[in-house]
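Heads up, the thing below is written out as structure tokens.
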Amino acid sequence: MSAQLTTPPTAVSDPILEVDGLTMRFGGLLAVDSVSFTARRGDITALIGPNGAGKTTVFNCITGFYRPTAGALRLHRAEAGVAELQRLKDHRIARAGVARTFQNIRLFPGMTALENLLVAQHVVLNAATGFGIGALLGLGGYRRAEAAAVERAAAWLRATGLIERADDPAGALPYGAQRRLEIARAMCTGPALLCLDEPAAGLNPRESEELAALLRAIRDGSAAEGAAATSVLLIEHDMGIVMGISDHVIVLDHGKKIADGTPEAVRNDRHVIAAYLGEEEAE
Amino acid sequence: MAYALQQLINGISLGMIYGMIAVGYTMVYGIIGMINFAHGDIFMIGAFIALISIVMLISGGFMEGPAALLLVLAISMAFTALYGWTVERVAYRPLRGSFRLAPLISAIGMSIVLQNYVQISQGARVKPLEPQVTGGFEIMRDGNFVVQLSNMQILIIVTTLAVLAIFTWLVTKTPLGRAMRACEQDRRMASLLGIDTDRTISLTFVIGASLAAVAGTLYLLRYGVIDFYIGFLAGVKAFTAAVLGGIGSLPGAVLGGLLIGLIETFWSAYFSVQYKDVAAFSILALTLIFLPTGLLGRQEVEKV
């Protein structure tokens, strides 16, 4: 598998995700126009740009919501080789190691917070239980797997400050708590890459700060007991957060990449300033 | 008084059968938002498979005792589940993502296919079966009227409760059940978490079909006559039960089944047998007009 690795366009030492010439066309609209970038393993990579720049479309291609018109999306996993995401069905993408959250939260509102996190561990649990048959017979392996899953869920509930709300329906939680629960749920799938679509939208300044700390901890693998270090790809409008926590920033405008570099480099980039403030009219 | 008690017993045992079929309707509706109109015919298939296996066991001389009944039940569940899986695979899955009415029409088509298939392969004549479960208890005597609780009725009630208990546990406590509920609420999101939604939907049909098989087997044992057409009426009544209980709600389906069974029985006992179906279906009309979400209909949680 890993032997077929083609040389990446931008040579980066240790990539987690390689986006290569990604193009997405809806009828006559070119939403994403051959965008290429690489996210490094162990980084928080931010994808920014004005409204309608194509950020969410890129996300939707990565997570299997859309099938790209052209281009390749390669996920480099530590032990399992390279996965070509654009060829996988969406549940296979999740199993390959990509998890995501949504701009408008998509929890299972009628299930409890704990159940939401257990659903995320379905793949592991199902395999451990022989597709439910073991569960039916009450086999020991199933009990152990279920106990481990609950333990993992509890660790993430503690990490996100939701342990006291474990048995509340997810739909009844306050907005900020739902955002954190969605991140916890994504992490419970044990992803190699966590994709967050505007995680700070609608949060107050204190909650945003907590979020930034949580994302750093997720990157470093110190967010919850037994958590692995996880690379993060982030869409965010809140520049305070983006500049504060990102290791690497990619800027899109009108479906094209216009800048790619460290937060400092991007902040001072002429194209970026033009895209955000309008073309050379002022000054 | 004694007469009413007898009707209560009869109504409950009939209602349990309706309830079991109704659970299949409600589950499928819950997970893909579609009324599986072929479900009544799956019930009929279950009854036929039970009949065939009983006849085979009798000719082999093995049809004795509860173990044989259990074997019949297992055979019927296994084969009917296979039918349920196949129906979903050939008639509904290709239409997923199509417009809403497409799978509904496909379901009606599937219902006709199954009826005609059984009519041709098994013949159109009514199939009788001599009673396999006999005897019972005398509960009370009022003059000449004897209130009876037959062993068959006990079997129906015990089997239904046991099967529903196992099933409820499956849906609430196991990974499979969680996956099913997750698919109900947001199928796309479930698949983004790595759940194979196609397989989860298939399993829903398999479980629904095996419950229908239990109902079909019990129906056969209780009434002793079946033909290729029983699925239609039983199916529509179970559908009424599911709507009455609140479509999408599992306890609602059982409750609705019990109510329909009781209404039908009491109507036949006190008014007229000819109009019992009218009574049952008037309930459907009234429910749809005055209580569209049913008795235990789910409240939709508002998305924030």
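By order of appearance in the structure tokens: chains A, B, ..., then residues from 1 within every chain, and ligands from 1 in the order shown.
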Next on the checklist: Set the cut-off to 10 Å and count only C-alpha atoms: what are the residues of chain B that reach chain A? Output as an MDAnalysis selection string.
Outcome noted: chainID B and resid 166:167 169:170 172:197 298:304
Next on the checklist: What parts of stretch 72-228 of chain A does DSSP call strand (DSSP E)? I'd like the answer as a list of chain:residue names.
Outcome noted: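 Filtering stretch 72-228 of chain A down to strand (DSSP E) leaves A:Ala72, A:Leu73, A:Arg74, A:Leu75, A:His76, A:Arg77, A:Gly81, A:Val82, A:Ala83, A:Glu84, A:Val98, A:Ala99, A:Arg100, A:Leu193, A:Leu194, A:Cys195, A:Leu196, A:Asp197.
The residue set within 6 Å of stretch 114-128 of chain B, counting only C-alpha atoms and dropping same-chain residues fewer than 3 places from it, reads Ser111, Gly224, Val225, Ile226, Asp227 and Phe228 of chain B.
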Using only N, CA and C atoms, please write the residues we just selected to a file, as a PDB file, in the first residue's frame.
```pdb
ATOM      1  N   SER B 111     -45.350  -6.253  -2.244  1.00  0.00           N
ATOM      2  CA  SER B 111     -46.449  -6.929  -1.569  1.00  0.00           C
ATOM      3  C   SER B 111     -47.207  -7.820  -2.562  1.00  0.00           C
ATOM      4  N   GLY B 224     -55.115 -21.778  12.890  1.00  0.00           N
ATOM      5  CA  GLY B 224     -55.109 -23.057  12.187  1.00  0.00           C
ATOM      6  C   GLY B 224     -55.458 -22.998  10.709  1.00  0.00           C
ATOM      7  N   VAL B 225     -55.771 -21.816  10.165  1.00  0.00           N
ATOM      8  CA  VAL B 225     -55.978 -21.705   8.717  1.00  0.00           C
ATOM      9  C   VAL B 225     -55.227 -20.475   8.201  1.00  0.00           C
ATOM     10  N   ILE B 226     -54.515 -20.674   7.113  1.00  0.00           N
ATOM     11  CA  ILE B 226     -53.851 -19.525   6.490  1.00  0.00           C
ATOM     12  C   ILE B 226     -54.017 -19.631   4.978  1.00  0.00           C
ATOM     13  N   ASP B 227     -53.943 -18.508   4.311  1.00  0.00           N
ATOM     14  CA  ASP B 227     -53.838 -18.510   2.855  1.00  0.00           C
ATOM     15  C   ASP B 227     -52.924 -17.358   2.455  1.00  0.00           C
ATOM     16  N   PHE B 228     -52.731 -17.209   1.144  1.00  0.00           N
ATOM     17  CA  PHE B 228     -51.756 -16.225   0.684  1.00  0.00           C
ATOM     18  C   PHE B 228     -52.200 -14.792   0.951  1.00  0.00           C
TER      19      PHE B 228
END
```
Checklist entry - If we count only C-alpha atoms, what is near stretch 264-273 of chain A at a cut-off of 10 Å, once residues fewer than 2 positions away on the same chain are taken out, given as a ChimeraX atom specification? => result /A:48-50,239,243,247-253,258-262,275-280
Can I get the selection written as a PDB file, in the first residue's frame, with N, CA and C atoms?
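Done, and the output landed in again09.pdb:
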```pdb
ATOM      1  N   ILE A  48      -8.662  29.274   6.360  1.00  0.00           N
ATOM      2  CA  ILE A  48      -9.453  30.493   6.542  1.00  0.00           C
ATOM      3  C   ILE A  48      -9.742  31.128   5.187  1.00  0.00           C
ATOM      4  N   GLY A  49     -10.571  32.140   5.233  1.00  0.00           N
ATOM      5  CA  GLY A  49     -10.935  32.826   4.008  1.00  0.00           C
ATOM      6  C   GLY A  49     -12.274  33.500   4.184  1.00  0.00           C
ATOM      7  N   PRO A  50     -12.586  34.482   3.333  1.00  0.00           N
ATOM      8  CA  PRO A  50     -13.868  35.178   3.449  1.00  0.00           C
ATOM      9  C   PRO A  50     -15.025  34.209   3.181  1.00  0.00           C
ATOM     10  N   MET A 239     -10.367  35.181  14.323  1.00  0.00           N
ATOM     11  CA  MET A 239      -8.931  35.290  14.053  1.00  0.00           C
ATOM     12  C   MET A 239      -8.105  35.173  15.326  1.00  0.00           C
ATOM     13  N   MET A 243      -5.058  32.673  14.963  1.00  0.00           N
ATOM     14  CA  MET A 243      -3.674  33.112  15.114  1.00  0.00           C
ATOM     15  C   MET A 243      -3.071  32.574  16.413  1.00  0.00           C
ATOM     16  N   ASP A 247      -0.583  26.200  13.882  1.00  0.00           N
ATOM     17  CA  ASP A 247       0.820  26.072  13.531  1.00  0.00           C
ATOM     18  C   ASP A 247       1.022  26.465  12.081  1.00  0.00           C
ATOM     19  N   HIS A 248      -0.082  26.455  11.327  1.00  0.00           N
ATOM     20  CA  HIS A 248       0.023  26.570   9.881  1.00  0.00           C
ATOM     21  C   HIS A 248      -1.335  27.078   9.394  1.00  0.00           C
ATOM     22  N   VAL A 249      -1.328  28.065   8.520  1.00  0.00           N
ATOM     23  CA  VAL A 249      -2.583  28.648   8.053  1.00  0.00           C
ATOM     24  C   VAL A 249      -2.632  28.619   6.527  1.00  0.00           C
ATOM     25  N   ILE A 250      -3.788  28.215   6.006  1.00  0.00           N
ATOM     26  CA  ILE A 250      -4.001  28.222   4.562  1.00  0.00           C
ATOM     27  C   ILE A 250      -5.161  29.154   4.277  1.00  0.00           C
ATOM     28  N   VAL A 251      -5.000  30.047   3.308  1.00  0.00           N
ATOM     29  CA  VAL A 251      -6.054  31.017   3.028  1.00  0.00           C
ATOM     30  C   VAL A 251      -6.653  30.730   1.656  1.00  0.00           C
ATOM     31  N   LEU A 252      -7.973  30.623   1.624  1.00  0.00           N
ATOM     32  CA  LEU A 252      -8.682  30.432   0.359  1.00  0.00           C
ATOM     33  C   LEU A 252      -9.460  31.691   0.041  1.00  0.00           C
ATOM     34  N   ASP A 253      -9.598  31.974  -1.244  1.00  0.00           N
ATOM     35  CA  ASP A 253     -10.493  33.046  -1.673  1.00  0.00           C
ATOM     36  C   ASP A 253     -11.029  32.673  -3.041  1.00  0.00           C
ATOM     37  N   ILE A 258      -4.744  31.328  -1.775  1.00  0.00           N
ATOM     38  CA  ILE A 258      -3.995  32.563  -2.024  1.00  0.00           C
ATOM     39  C   ILE A 258      -2.824  32.725  -1.086  1.00  0.00           C
ATOM     40  N   ALA A 259      -2.773  31.958  -0.001  1.00  0.00           N
ATOM     41  CA  ALA A 259      -1.622  32.056   0.893  1.00  0.00           C
ATOM     42  C   ALA A 259      -1.510  30.780   1.693  1.00  0.00           C
ATOM     43  N   ASP A 260      -0.333  30.486   2.192  1.00  0.00           N
ATOM     44  CA  ASP A 260      -0.061  29.218   2.863  1.00  0.00           C
ATOM     45  C   ASP A 260       1.211  29.416   3.684  1.00  0.00           C
ATOM     46  N   GLY A 261       1.125  29.387   4.999  1.00  0.00           N
ATOM     47  CA  GLY A 261       2.340  29.569   5.787  1.00  0.00           C
ATOM     48  C   GLY A 261       2.058  29.667   7.267  1.00  0.00           C
ATOM     49  N   THR A 262       3.001  30.212   8.008  1.00  0.00           N
ATOM     50  CA  THR A 262       2.805  30.380   9.444  1.00  0.00           C
ATOM     51  C   THR A 262       1.811  31.515   9.673  1.00  0.00           C
ATOM     52  N   ALA A 275      -7.917  40.332   0.224  1.00  0.00           N
ATOM     53  CA  ALA A 275      -9.111  39.499   0.203  1.00  0.00           C
ATOM     54  C   ALA A 275     -10.036  39.849   1.352  1.00  0.00           C
ATOM     55  N   TYR A 276      -9.460  40.141   2.510  1.00  0.00           N
ATOM     56  CA  TYR A 276     -10.297  40.420   3.668  1.00  0.00           C
ATOM     57  C   TYR A 276     -10.811  41.858   3.694  1.00  0.00           C
ATOM     58  N   LEU A 277     -10.001  42.787   3.204  1.00  0.00           N
ATOM     59  CA  LEU A 277     -10.378  44.197   3.336  1.00  0.00           C
ATOM     60  C   LEU A 277     -10.846  44.808   2.028  1.00  0.00           C
ATOM     61  N   GLY A 278     -10.850  44.031   0.952  1.00  0.00           N
ATOM     62  CA  GLY A 278     -11.242  44.592  -0.336  1.00  0.00           C
ATOM     63  C   GLY A 278     -10.005  44.968  -1.130  1.00  0.00           C
ATOM     64  N   GLU A 279     -10.140  45.012  -2.455  1.00  0.00           N
ATOM     65  CA  GLU A 279      -8.993  45.211  -3.331  1.00  0.00           C
ATOM     66  C   GLU A 279      -8.558  46.675  -3.354  1.00  0.00           C
ATOM     67  N   GLU A 280      -7.331  46.904  -2.965  1.00  0.00           N
ATOM     68  CA  GLU A 280      -6.612  48.171  -3.138  1.00  0.00           C
ATOM     69  C   GLU A 280      -7.440  49.443  -3.321  1.00  0.00           C
TER      70      GLU A 280
END
```
Next on the checklist: Could you list, as a PyMOL selection string, every residue within 12 Å of A:Glu210, counting only C-alpha atoms and ignoring same-chain residues fewer than 4 positions away?
Outcome noted: chain A and resi 159-161+176-177+179-180+199-200+203-206+214-217+223+241+245
Item to check | Given only C-alpha atoms as the counted atoms, nearest of B:Leu164, B:Ile260, B:Leu14, B:Ile154 to B:Leu284 | outcome: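 Of B:Leu164, B:Ile260, B:Leu14, B:Ile154, the one nearest B:Leu284 is B:Ile260, counting only C-alpha atoms.
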Checklist entry - If we count only C-alpha atoms, what is near stretch 274-279 of chain B at a cut-off of 12 Å, once residues fewer than 6 positions away on the same chain are taken out, given as a PyMOL selection string? => result chain B and resi 233-234+236-237+240+259-268+285-286
Next on the checklist: I need the residues in stretch 153-297 of chain B that are alpha helix (DSSP H) according to DSSP; give them as a count of residues only.
Outcome noted: 117
